[in-house]
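See below for start29.cif, which holds mmCIF, C-alpha atoms.
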```cif
data_run
#
loop_
_atom_site.label_atom_id
_atom_site.label_comp_id
_atom_site.auth_asym_id
_atom_site.auth_seq_id
_atom_site.Cartn_x
_atom_site.Cartn_y
_atom_site.Cartn_z
CA MET A 30 -13.49 -23.60 10.72
CA THR A 31 -10.30 -24.11 12.69
CA ARG A 32 -9.31 -22.97 16.14
CA SER A 33 -6.35 -21.07 14.71
CA ASP A 34 -8.74 -18.88 12.72
CA MET A 35 -10.62 -18.24 15.95
CA ILE A 36 -7.47 -17.23 17.82
CA VAL A 37 -6.82 -14.51 15.23
CA GLU A 38 -10.29 -13.05 15.75
CA LEU A 39 -10.24 -13.36 19.53
CA LEU A 40 -6.85 -11.67 19.78
CA GLU A 41 -8.42 -8.64 18.11
CA ASP A 42 -11.40 -8.82 20.50
CA PHE A 43 -9.03 -8.65 23.43
CA GLY A 44 -7.19 -5.66 21.99
CA TYR A 45 -4.07 -7.41 20.69
CA GLU A 46 -2.79 -7.33 17.12
CA ALA A 47 -3.78 -10.47 15.21
CA GLU A 48 -0.27 -10.57 13.70
CA ARG A 49 1.07 -11.74 17.04
CA PHE A 50 -0.20 -15.20 16.12
CA ASN A 51 0.99 -17.26 13.19
CA LEU A 52 0.67 -20.91 12.28
CA THR A 53 3.10 -22.50 9.82
CA TRP A 54 3.28 -26.16 8.90
CA VAL A 55 6.88 -27.29 8.44
CA SER A 56 8.10 -30.83 7.84
CA SER A 57 11.34 -32.01 9.46
CA ALA A 58 12.85 -32.06 5.96
CA GLU A 59 12.25 -28.37 5.35
CA PRO A 60 14.88 -26.46 7.39
CA ASP A 61 14.84 -23.45 5.07
CA LYS A 62 11.10 -23.03 5.50
CA PHE A 63 11.48 -23.28 9.28
CA VAL A 64 14.23 -20.67 9.39
CA ALA A 65 12.20 -18.36 7.15
CA ALA A 66 9.10 -18.72 9.35
CA VAL A 67 11.01 -18.02 12.57
CA THR A 68 12.87 -15.07 11.09
CA GLU A 69 9.69 -13.60 9.67
CA MET A 70 7.88 -13.97 13.01
CA THR A 71 10.76 -12.46 14.96
CA THR A 72 10.98 -9.37 12.78
CA ARG A 73 7.23 -8.98 12.88
CA ILE A 74 7.08 -9.12 16.68
CA LYS A 75 10.02 -6.71 17.00
CA LYS A 76 8.18 -4.27 14.79
CA LEU A 77 4.99 -4.58 16.88
CA GLY A 78 6.90 -4.01 20.10
CA PRO A 79 5.76 -4.85 23.62
CA VAL A 80 2.10 -5.81 24.14
CA ASN A 81 1.37 -2.75 26.26
CA GLY A 82 3.25 -0.40 23.96
CA GLN A 83 0.18 1.52 22.82
CA ASP A 84 -1.67 1.69 26.13
CA ALA A 85 -2.64 5.03 27.60
CA SER A 86 -0.16 6.31 30.15
CA VAL A 87 -1.09 5.60 33.77
CA ALA A 88 -3.04 8.52 35.17
CA MET B 12 -23.50 -3.80 70.56
CA GLY B 13 -22.80 -5.71 67.40
CA VAL B 14 -19.76 -5.98 65.15
CA THR B 15 -18.67 -2.56 63.91
CA THR B 16 -19.27 -2.25 60.19
CA ALA B 17 -18.36 0.36 57.61
CA MET B 18 -20.04 0.45 54.21
CA GLU B 19 -18.77 2.37 51.22
CA TRP B 20 -19.83 2.72 47.60
CA LEU B 21 -17.38 3.50 44.83
CA GLY B 22 -18.36 3.46 41.14
CA SER B 23 -21.71 1.94 41.96
CA CYS B 24 -25.41 2.33 41.16
CA SER B 25 -26.69 1.51 44.70
CA GLY B 26 -28.29 -1.70 43.41
CA CYS B 27 -26.10 -3.68 45.83
CA GLU B 28 -27.38 -1.59 48.75
CA ILE B 29 -30.93 -2.27 47.60
CA ALA B 30 -30.03 -5.97 47.54
CA ILE B 31 -29.01 -5.60 51.20
CA LEU B 32 -32.46 -4.11 51.91
CA ASN B 33 -33.99 -7.04 50.03
CA ILE B 34 -32.67 -9.44 52.66
CA GLY B 35 -36.12 -8.74 54.10
CA GLU B 36 -37.12 -9.71 57.61
CA ASP B 37 -33.75 -11.30 58.36
CA LEU B 38 -32.22 -7.84 57.93
CA ILE B 39 -33.82 -6.52 61.12
CA PRO B 40 -31.78 -8.62 63.56
CA ILE B 41 -28.69 -8.08 61.37
CA ILE B 42 -28.79 -4.28 61.62
CA THR B 43 -30.17 -4.05 65.14
CA GLU B 44 -28.19 -6.77 66.94
CA VAL B 45 -25.50 -8.34 64.74
CA LEU B 46 -23.97 -5.27 63.10
CA ASP B 47 -23.21 -1.82 64.43
CA ILE B 48 -22.93 0.39 61.35
CA VAL B 49 -20.44 3.20 61.98
CA HIS B 50 -20.08 4.57 58.49
CA ALA B 51 -22.34 4.27 55.42
CA PRO B 52 -22.73 7.27 53.11
CA VAL B 53 -25.75 5.68 51.44
CA LEU B 54 -27.61 5.29 54.74
CA MET B 55 -26.43 7.94 57.14
CA ASP B 56 -24.85 11.36 57.32
CA HIS B 57 -21.24 10.64 58.14
CA LYS B 58 -18.71 12.87 56.47
CA TYR B 59 -15.16 12.15 55.37
CA PHE B 60 -13.55 15.31 56.74
CA GLY B 61 -15.31 15.58 60.12
CA GLN B 62 -18.98 16.52 60.53
CA CYS B 63 -18.20 20.25 60.18
CA GLY B 64 -15.51 19.84 57.54
CA GLU B 65 -12.74 20.55 60.07
CA GLY B 66 -10.59 17.57 59.04
CA VAL B 67 -7.85 17.72 56.45
CA THR B 68 -7.51 14.05 55.51
CA LEU B 69 -10.23 11.65 54.41
CA THR B 70 -11.11 9.60 57.50
CA ILE B 71 -13.34 6.58 57.93
CA PRO B 72 -13.82 5.19 61.46
CA GLU B 73 -12.25 1.88 62.50
CA ALA B 74 -14.48 -1.12 61.85
CA VAL B 75 -14.22 -4.90 61.98
CA VAL B 76 -16.21 -5.50 58.81
CA GLY B 77 -15.98 -3.34 55.70
CA ILE B 78 -18.35 -3.75 52.77
CA VAL B 79 -17.45 -2.03 49.48
CA THR B 80 -19.62 -1.95 46.39
CA GLY B 81 -18.69 -0.63 42.98
CA GLY B 82 -15.50 -0.60 40.97
CA VAL B 83 -12.58 1.81 41.17
CA SER B 84 -12.85 4.28 38.32
CA ASN B 85 -11.47 7.56 39.64
CA HIS B 86 -8.98 8.92 42.15
CA GLU B 87 -11.64 9.55 44.79
CA HIS B 88 -12.75 5.89 44.65
CA LEU B 89 -9.14 4.83 45.08
CA GLU B 90 -8.59 7.09 48.08
CA VAL B 91 -11.80 5.88 49.76
CA LEU B 92 -10.96 2.23 49.06
CA GLU B 93 -7.46 2.55 50.49
CA GLU B 94 -8.84 4.20 53.62
CA MET B 95 -11.40 1.38 53.96
CA ARG B 96 -8.63 -1.22 53.71
CA GLU B 97 -6.65 0.64 56.35
CA LYS B 98 -9.54 0.83 58.83
CA CYS B 99 -11.36 -2.49 58.32
CA THR B 100 -10.16 -5.88 59.55
CA VAL B 101 -12.20 -7.85 57.01
CA LEU B 102 -12.98 -6.23 53.68
CA ILE B 103 -15.80 -7.66 51.57
CA ALA B 104 -16.21 -6.77 47.88
CA LEU B 105 -19.95 -6.87 47.22
CA GLY B 106 -21.39 -7.03 43.73
CA THR B 107 -19.90 -7.66 40.30
CA CYS B 108 -18.52 -4.10 39.91
CA ALA B 109 -16.37 -4.60 43.01
CA THR B 110 -15.30 -8.14 42.11
CA HIS B 111 -14.96 -8.05 38.30
CA GLY B 112 -15.46 -4.44 37.15
CA GLY B 113 -19.12 -4.79 36.20
CA ILE B 114 -20.95 -2.43 33.86
CA PRO B 115 -18.65 0.61 34.45
CA ALA B 116 -15.72 -1.50 33.19
CA LEU B 117 -17.38 -1.60 29.75
CA MET B 118 -15.55 1.70 29.29
CA ASN B 119 -12.27 -0.26 29.36
CA GLY B 120 -13.14 -1.50 25.89
CA GLN B 121 -13.05 2.01 24.45
CA ASP B 122 -10.57 4.80 24.18
CA ARG B 123 -10.65 6.52 27.56
CA GLN B 124 -10.09 10.04 26.27
CA GLU B 125 -12.84 9.74 23.65
CA SER B 126 -15.28 8.32 26.21
CA TRP B 127 -14.49 11.06 28.70
CA GLU B 128 -15.06 13.75 26.06
CA GLY B 129 -18.24 11.98 24.94
CA ILE B 130 -19.64 12.10 28.47
CA PHE B 131 -19.08 15.83 28.88
CA SER B 132 -20.05 17.08 25.43
CA THR B 133 -23.40 16.23 23.93
CA GLU B 134 -25.54 18.12 21.40
CA THR B 135 -27.04 20.24 24.17
CA THR B 136 -23.72 21.23 25.75
CA ASP B 137 -23.15 24.99 25.67
CA PRO B 138 -20.43 25.98 23.23
CA GLY B 139 -17.11 26.65 24.92
CA ALA B 140 -17.94 24.53 27.99
CA LYS B 141 -14.87 22.73 29.27
CA ILE B 142 -14.52 19.32 30.90
CA PRO B 143 -14.57 20.02 34.65
CA THR B 144 -11.32 19.34 36.47
CA ILE B 145 -12.07 20.64 39.99
CA GLU B 146 -15.31 19.16 41.38
CA VAL B 147 -15.16 15.98 39.29
CA PRO B 148 -12.43 13.57 40.48
CA ALA B 149 -9.93 12.71 37.75
CA PRO B 150 -10.52 9.30 36.18
CA LEU B 151 -7.99 6.49 36.46
CA ASP B 152 -6.50 5.06 33.27
CA ARG B 153 -9.19 2.36 33.33
CA VAL B 154 -11.86 0.92 35.61
CA TYR B 155 -10.44 -1.50 38.18
CA ALA B 156 -11.99 -4.22 40.32
CA CYS B 157 -11.34 -3.65 44.05
CA ASP B 158 -8.93 -6.58 44.35
CA GLU B 159 -6.64 -5.03 41.76
CA LYS B 160 -5.99 -2.13 44.11
CA VAL B 161 -6.16 -3.50 47.68
CA LYS B 162 -6.34 -6.91 49.33
CA ILE B 163 -9.94 -8.15 49.48
CA ASP B 164 -10.84 -10.84 51.99
CA MET B 165 -14.13 -12.00 50.57
CA GLN B 166 -15.77 -11.62 47.18
CA LEU B 167 -19.50 -11.81 46.59
CA PRO B 168 -20.41 -11.05 42.96
CA GLY B 169 -23.84 -10.47 41.48
CA CYS B 170 -25.67 -7.70 39.68
CA PRO B 171 -27.42 -7.40 42.03
CA PRO B 172 -26.01 -9.92 44.53
CA ASN B 173 -28.43 -12.46 45.94
CA PRO B 174 -29.81 -11.09 49.26
CA ALA B 175 -29.76 -14.58 50.80
CA LEU B 176 -26.02 -14.86 50.07
CA ILE B 177 -25.30 -11.41 51.55
CA ALA B 178 -27.02 -12.51 54.76
CA GLU B 179 -25.08 -15.78 54.66
CA VAL B 180 -21.74 -13.98 54.30
CA ILE B 181 -22.50 -11.57 57.15
CA MET B 182 -23.75 -14.32 59.47
CA SER B 183 -20.84 -16.65 58.66
CA LEU B 184 -18.38 -13.87 59.53
CA VAL B 185 -20.08 -13.16 62.83
CA GLU B 186 -20.32 -16.86 63.67
CA GLY B 187 -16.69 -17.44 62.65
CA ARG B 188 -17.30 -20.13 60.03
CA ASP B 189 -16.82 -20.42 56.27
CA PRO B 190 -19.77 -19.13 54.23
CA VAL B 191 -21.74 -21.67 52.23
CA LEU B 192 -21.76 -20.23 48.70
CA PRO B 193 -22.57 -21.96 45.42
CA GLY B 194 -19.24 -22.46 43.67
CA LYS B 195 -20.36 -23.86 40.37
CA SER B 196 -21.82 -22.42 37.18
CA VAL B 197 -25.35 -21.18 36.47
CA CYS B 198 -25.90 -24.37 34.42
CA ASP B 199 -25.31 -26.49 37.54
CA THR B 200 -28.27 -24.79 39.21
CA CYS B 201 -30.46 -24.73 36.10
CA PRO B 202 -33.38 -27.17 35.93
CA THR B 203 -34.13 -26.89 32.20
CA LYS B 204 -34.27 -30.04 30.09
CA ARG B 205 -31.08 -31.09 28.34
CA GLU B 206 -31.54 -33.43 25.39
CA GLY B 207 -28.28 -32.97 23.52
CA LYS B 208 -27.23 -30.24 21.15
CA GLY B 209 -29.02 -31.61 18.08
CA ALA B 210 -28.72 -29.58 14.90
CA VAL B 211 -27.56 -26.30 16.42
CA ASP B 212 -24.61 -24.92 14.45
CA LYS B 213 -25.28 -21.20 14.77
CA VAL B 214 -26.27 -18.93 17.62
CA LYS B 215 -29.62 -17.18 17.19
CA ARG B 216 -30.05 -13.55 18.14
CA PHE B 217 -32.47 -13.02 20.99
CA ILE B 218 -35.08 -11.20 18.91
CA THR B 219 -37.74 -13.91 19.17
CA ASN B 220 -38.99 -15.52 22.34
CA VAL B 221 -37.57 -18.83 23.42
CA ASP B 222 -39.76 -21.89 22.97
CA PHE B 223 -41.77 -22.67 26.12
CA VAL B 224 -45.28 -23.48 27.25
CA PRO B 225 -46.73 -20.51 29.18
CA GLY B 226 -47.54 -21.47 32.74
CA ALA B 227 -45.54 -24.70 32.57
CA ALA B 228 -42.72 -25.30 35.06
CA ILE B 229 -39.16 -24.23 34.19
CA ASP B 230 -37.97 -27.84 34.15
CA GLU B 231 -40.33 -28.52 31.24
CA MET B 232 -38.53 -25.94 29.09
CA ARG B 233 -35.61 -27.02 26.94
CA CYS B 234 -32.11 -25.68 27.68
CA LEU B 235 -31.83 -22.29 25.96
CA LEU B 236 -28.37 -23.08 24.55
CA GLU B 237 -29.83 -26.21 22.99
CA GLN B 238 -32.55 -24.00 21.54
CA GLY B 239 -29.77 -22.04 19.85
CA TYR B 240 -29.70 -18.92 22.02
CA LEU B 241 -26.50 -17.50 23.49
CA CYS B 242 -27.00 -18.29 27.16
CA LEU B 243 -23.94 -17.48 29.28
CA GLY B 244 -24.86 -20.09 31.88
CA PRO B 245 -21.81 -22.33 31.30
CA VAL B 246 -19.33 -19.50 31.93
CA THR B 247 -21.11 -17.64 34.73
CA ALA B 248 -20.87 -18.23 38.48
CA ALA B 249 -23.97 -19.61 40.19
CA GLY B 250 -25.76 -17.72 42.94
CA CYS B 251 -28.65 -15.83 41.29
CA ALA B 252 -31.21 -18.62 41.81
CA LYS B 253 -33.83 -17.39 44.28
CA ARG B 254 -36.84 -19.57 43.58
CA GLY B 255 -35.27 -22.76 42.32
CA ALA B 256 -34.09 -21.66 38.87
CA PRO B 257 -31.51 -19.01 37.92
CA SER B 258 -33.21 -15.59 37.77
CA CYS B 259 -33.09 -14.91 34.01
CA ILE B 260 -33.94 -18.51 33.12
CA SER B 261 -37.04 -18.36 35.32
CA ALA B 262 -38.05 -15.27 33.28
CA ARG B 263 -37.45 -17.42 30.13
CA VAL B 264 -34.52 -15.24 29.09
CA PRO B 265 -30.94 -16.43 28.44
CA CYS B 266 -28.34 -15.80 31.16
CA ARG B 267 -26.44 -12.53 30.63
CA GLY B 268 -23.46 -13.44 32.79
CA CYS B 269 -23.96 -10.94 35.62
CA PHE B 270 -22.23 -13.01 38.34
CA GLY B 271 -18.95 -12.94 36.43
CA PRO B 272 -16.76 -15.94 35.57
CA VAL B 273 -17.11 -19.26 37.40
CA ARG B 274 -13.51 -19.26 38.57
CA LYS B 275 -12.20 -15.98 39.93
CA ASP B 276 -9.61 -15.64 37.16
CA GLY B 277 -11.85 -17.09 34.43
CA ASN B 278 -12.52 -15.27 31.20
CA GLN B 279 -16.17 -15.38 30.14
CA LEU B 280 -15.54 -14.51 26.48
CA LEU B 281 -12.73 -17.01 26.00
CA ASP B 282 -14.51 -19.79 27.90
CA MET B 283 -17.75 -19.26 25.96
CA MET B 284 -15.98 -19.26 22.59
CA ASN B 285 -14.15 -22.42 23.64
CA ALA B 286 -17.46 -24.06 24.53
CA LEU B 287 -19.02 -23.05 21.21
CA ALA B 288 -16.03 -24.20 19.16
CA SER B 289 -15.91 -27.56 20.98
CA ASN B 290 -19.53 -28.13 20.00
CA GLY B 291 -19.04 -27.14 16.37
CA ILE B 292 -21.10 -23.96 16.70
CA ASP B 293 -19.97 -21.10 14.47
CA TYR B 294 -18.46 -18.49 16.80
CA LYS B 295 -18.87 -15.88 14.08
CA SER B 296 -22.64 -16.08 14.52
CA VAL B 297 -22.24 -14.31 17.89
CA ILE B 298 -22.94 -10.62 17.28
CA ASP B 299 -20.69 -8.29 19.27
CA ARG B 300 -18.62 -10.97 20.97
CA ARG B 301 -16.84 -8.51 23.23
CA SER B 302 -20.07 -7.74 25.03
CA ILE B 303 -19.81 -11.19 26.65
CA LEU B 304 -17.33 -9.40 28.93
CA ARG B 305 -20.00 -6.85 29.81
CA PHE B 306 -19.78 -7.76 33.49
CA SER B 307 -16.13 -8.76 33.81
CA GLY B 308 -14.14 -6.15 31.91
CA ALA B 309 -11.72 -5.28 34.72
CA HIS B 310 -8.45 -7.18 35.41
CA GLY B 311 -7.30 -6.06 31.95
CA LYS B 312 -9.81 -8.34 30.18
CA LEU B 313 -11.55 -5.66 28.15
CA ARG B 314 -9.14 -3.39 26.30
CA PRO B 315 -9.60 -0.86 23.51
CA LEU B 316 -9.31 -2.38 20.07
CA LYS B 317 -5.88 -1.82 18.60
CA LYS B 318 -5.76 0.96 16.09
CA ARG B 319 -3.96 -0.14 12.97
CA VAL B 320 -0.62 1.56 12.79
CA GLY B 321 0.34 2.38 9.22
CA GLU B 322 3.56 0.89 7.85
CA GLU B 323 6.51 3.24 8.05
CA LYS B 324 8.14 3.64 4.72
#
```
The structure given in the file should be rewritten as structure tokens.
Amino acid sequence: MTRSDMIVELLEDFGYEAERFNLTWVSSAEPDKFVAAVTEMTTRIKKLGPVNGQDASVA
Amino acid sequence: MGVTTAMEWLGSCSGCEIAILNIGEDLIPIITEVLDIVHAPVLMDHKYFGQCGEGVTLTIPEAVVGIVTGGVSNHEHLEVLEEMREKCTVLIALGTCATHGGIPALMNGQDRQESWEGIFSTETTDPGAKIPTIEVPAPLDRVYACDEKVKIDMQLPGCPPNPALIAEVIMSLVEGRDPVLPGKSVCDTCPTKREGKGAVDKVKRFITNVDFVPGAAIDEMRCLLEQGYLCLGPVTAAGCAKRGAPSCISARVPCRGCFGPVRKDGNQLLDMMNALASNGIDYKSVIDRRSILRFSGAHGKLRPLKKRVGEEK
């Protein structure tokens, strides 16, 4: 059991999408993997939008 | 005449007011000499719009000390709270609802519209009955703690608050000194025996009694966390201990967290999970984790679970 697994579950408990967290292991000799991970994360977050995006409108 | 005092209850169950009564004999000098209560809907007939309803705006008399209990869950609560802030020099938030949201803030973990409809339509509701919009004040978007809406000068959590601490807060104000309040966690005031975690790697559900010798003193019982029960002692503010041991522990029951987090901005769920993970206890063995925030769901801590949004194609 790792703490990163726990973060995924706790994010859901607190009402955030678990996809907002991601852990990737990249060696300093793997630039392509790093670029891919960052790009993937950026597009994912852009798709999810702001954290409060789905909240009910203020009464 | 004593110090003018206004008391108000918002989204509250009146348990905090009963805790004030439970101060006992010390209460008599407090209400006869120390305080001069000018407004308290729970105790006396004092109306918001003049005694004959002649007023047009909600008015609470000026007072030096204001005591509010309960959280802010609808527009009426908000209006009353803002008027209290306006008229009182020192505003005290009394009880966990006022300081951390308390039980009413459990609703923050659900969809507000669904909850609201659920409250007003049960199996016995007449067909065609509508959700009232005139007599019932409109709800806010979620339940708030008082300090999210106005400045609060002193916070005294507890569900109910400890009568001795209420008396201490009132007397310290009148005497112009800082109140002496326990600042640490429930565990710091707990006398149970700690022998090390041992073989605990899962949290047990509280469906069997804890292990103790009936009639024996509390300090002869082993720590309930070490016995494998989910006791919220480490993440809960101290203050409930009345006869030596924390209240629930002296009833041989694990702490439920009713005094809210130890630090004002603490997060009971996160802190508890952190504590479990650091000790190698499987956090997945905790059933309904979100209920650890049952007393501190305001301040945006408890939110509805995200509904999965389908991929757009």
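Proximity to Leu102 of chain B was assessed for B:Ser183, B:Thr133, B:Asn119, B:Gln166 counting all atoms listed in the file; the smallest distance is recorded for B:Gln166.
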Should the cut-off be 12 Å, what would the residue list for chain B against chain A look like, counting all atoms listed in the file, as a PyMOL selection string? chain B and resi 84-86+119-125+148-154+212+278-295+299-304+308+311-323
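Using all atoms listed in the file, the protein and nucleic acid residues lying no more than 12 Å from Pro143 of chain B, apart from those fewer than 6 places from it along its own chain, are B:Trp127, B:Glu128, B:Ile130, B:Phe131, B:Ser132, B:Ala149, B:Pro150.
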Applied to the shown file, which residues does the PyMOL selection byres ((chain B and resi 48) around 7) return, written as an MDAnalysis selection string? chainID B and resid 15:17 46:47 49:50
Go through the shown structure with the PyMOL selection byres ((chain B and resi 72) around 9) and write out the matching residues as a ChimeraX atom specification. /B:17,49-50,70-71,73-74,95,98-99
Which residues fall under the PyMOL selection byres ((chain A and resi 51-56) around 10) in this file, as a PyMOL selection string? chain A and resi 33-34+36-37+47-50+57-64+66-67+70
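Between atom CA of Leu241 of chain B and atom CA of Ile218 of chain B the separation is 11.6 Å.
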Just the residues within 12 Å of Gly226 of chain B, please, counting all atoms listed in the file, with nothing from its chain fewer than 6 positions along; format it as a count of residues only. 4
Using atom CA of Met12 of chain B and atom CA of Leu38 of chain B as the two end points, give the distance in Å to one decimal. 15.9 Å
Hey, what's within 8 Å of segment 249-253 of chain B if we count all atoms listed in the file and toss same-chain stuff fewer than 6 positions away? As a VMD selection string, please? chain B and resid 169 172 to 173 176 192 to 200 270 273
Go ahead and compute the interatomic distance for atom CA of Glu97 of chain B and atom CA of Val161 of chain B, in Å to one decimal. 9.6 Å
Is it possible to get the axis-aligned box enclosing segment 36-54 of chain A (all listed atoms, 8 Å extra per side) as JSON, with centre and edge lengths in Å rounded to one decimal?
```
{"center_x": -4.1, "center_y": -15.9, "center_z": 16.2, "size_x": 30.7, "size_y": 36.5, "size_z": 30.5}
```
Which neighbours of Ile78 of chain B fall inside 7 Å, counting all atoms listed in the file, when residues of the same chain fewer than 3 positions from it are skipped, and could you give them as a ChimeraX atom specification? /B:17-19,102-105
Residue selection dump (C-alpha atoms) as a tab-separated table (two decimals), in the coordinates of the input:
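Written file, part.tsv:
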```
chain	number	residue	atom	x	y	z
B	17	ALA	CA	-18.36	0.36	57.61
B	18	MET	CA	-20.04	0.45	54.21
B	19	GLU	CA	-18.77	2.37	51.22
B	102	LEU	CA	-12.98	-6.23	53.68
B	103	ILE	CA	-15.80	-7.66	51.57
B	104	ALA	CA	-16.21	-6.77	47.88
B	105	LEU	CA	-19.95	-6.87	47.22
```
Starting from the sparse input, extend segment 30-54 of chain A to N, CA and C atoms and give the output as a short mmCIF file (atom, residue, chain, number, x, y, z; two decimals), keeping the file's coordinate frame.
```cif
data_model
loop_
_atom_site.label_atom_id
_atom_site.label_comp_id
_atom_site.auth_asym_id
_atom_site.auth_seq_id
_atom_site.Cartn_x
_atom_site.Cartn_y
_atom_site.Cartn_z
N MET A 30 -13.87 -24.59 9.70
CA MET A 30 -13.49 -23.60 10.72
C MET A 30 -12.45 -24.22 11.67
N THR A 31 -11.32 -23.57 11.81
CA THR A 31 -10.30 -24.11 12.69
C THR A 31 -10.12 -23.19 13.89
N ARG A 32 -9.54 -23.77 14.94
CA ARG A 32 -9.31 -22.97 16.14
C ARG A 32 -8.29 -21.87 15.89
N SER A 33 -7.35 -22.11 14.95
CA SER A 33 -6.35 -21.07 14.71
C SER A 33 -6.99 -19.83 14.09
N ASP A 34 -8.02 -20.04 13.25
CA ASP A 34 -8.74 -18.88 12.72
C ASP A 34 -9.39 -18.10 13.86
N MET A 35 -9.91 -18.87 14.83
CA MET A 35 -10.62 -18.24 15.95
C MET A 35 -9.66 -17.43 16.81
N ILE A 36 -8.45 -17.96 16.99
CA ILE A 36 -7.47 -17.23 17.82
C ILE A 36 -7.21 -15.85 17.23
N VAL A 37 -7.09 -15.79 15.89
CA VAL A 37 -6.82 -14.51 15.23
C VAL A 37 -7.92 -13.51 15.57
N GLU A 38 -9.17 -13.96 15.48
CA GLU A 38 -10.29 -13.05 15.75
C GLU A 38 -10.35 -12.66 17.23
N LEU A 39 -10.13 -13.65 18.10
CA LEU A 39 -10.24 -13.36 19.53
C LEU A 39 -9.12 -12.44 20.01
N LEU A 40 -7.93 -12.58 19.41
CA LEU A 40 -6.85 -11.67 19.78
C LEU A 40 -7.28 -10.23 19.56
N GLU A 41 -7.94 -9.99 18.41
CA GLU A 41 -8.42 -8.64 18.11
C GLU A 41 -9.47 -8.21 19.14
N ASP A 42 -10.37 -9.14 19.50
CA ASP A 42 -11.40 -8.82 20.50
C ASP A 42 -10.77 -8.36 21.80
N PHE A 43 -9.65 -8.97 22.15
CA PHE A 43 -9.03 -8.65 23.43
C PHE A 43 -8.06 -7.47 23.31
N GLY A 44 -8.01 -6.85 22.14
CA GLY A 44 -7.19 -5.66 21.99
C GLY A 44 -5.73 -5.95 21.69
N TYR A 45 -5.44 -7.12 21.13
CA TYR A 45 -4.07 -7.41 20.69
C TYR A 45 -4.05 -7.48 19.17
N GLU A 46 -2.87 -7.23 18.57
CA GLU A 46 -2.79 -7.33 17.12
C GLU A 46 -2.85 -8.81 16.71
N ALA A 47 -3.65 -9.09 15.68
CA ALA A 47 -3.78 -10.47 15.21
C ALA A 47 -2.45 -11.01 14.70
N GLU A 48 -1.55 -10.12 14.27
CA GLU A 48 -0.27 -10.57 13.70
C GLU A 48 0.62 -11.22 14.74
N ARG A 49 0.25 -11.11 16.02
CA ARG A 49 1.07 -11.74 17.04
C ARG A 49 0.94 -13.26 17.02
N PHE A 50 -0.02 -13.75 16.23
CA PHE A 50 -0.20 -15.20 16.12
C PHE A 50 0.08 -15.62 14.69
N ASN A 51 0.77 -16.73 14.54
CA ASN A 51 0.99 -17.26 13.19
C ASN A 51 1.15 -18.76 13.27
N LEU A 52 0.57 -19.46 12.30
CA LEU A 52 0.67 -20.91 12.28
C LEU A 52 1.33 -21.31 10.96
N THR A 53 2.43 -22.04 11.04
CA THR A 53 3.10 -22.50 9.82
C THR A 53 3.34 -24.00 9.94
N TRP A 54 3.02 -24.72 8.90
CA TRP A 54 3.28 -26.16 8.90
C TRP A 54 4.63 -26.40 8.24
#
```
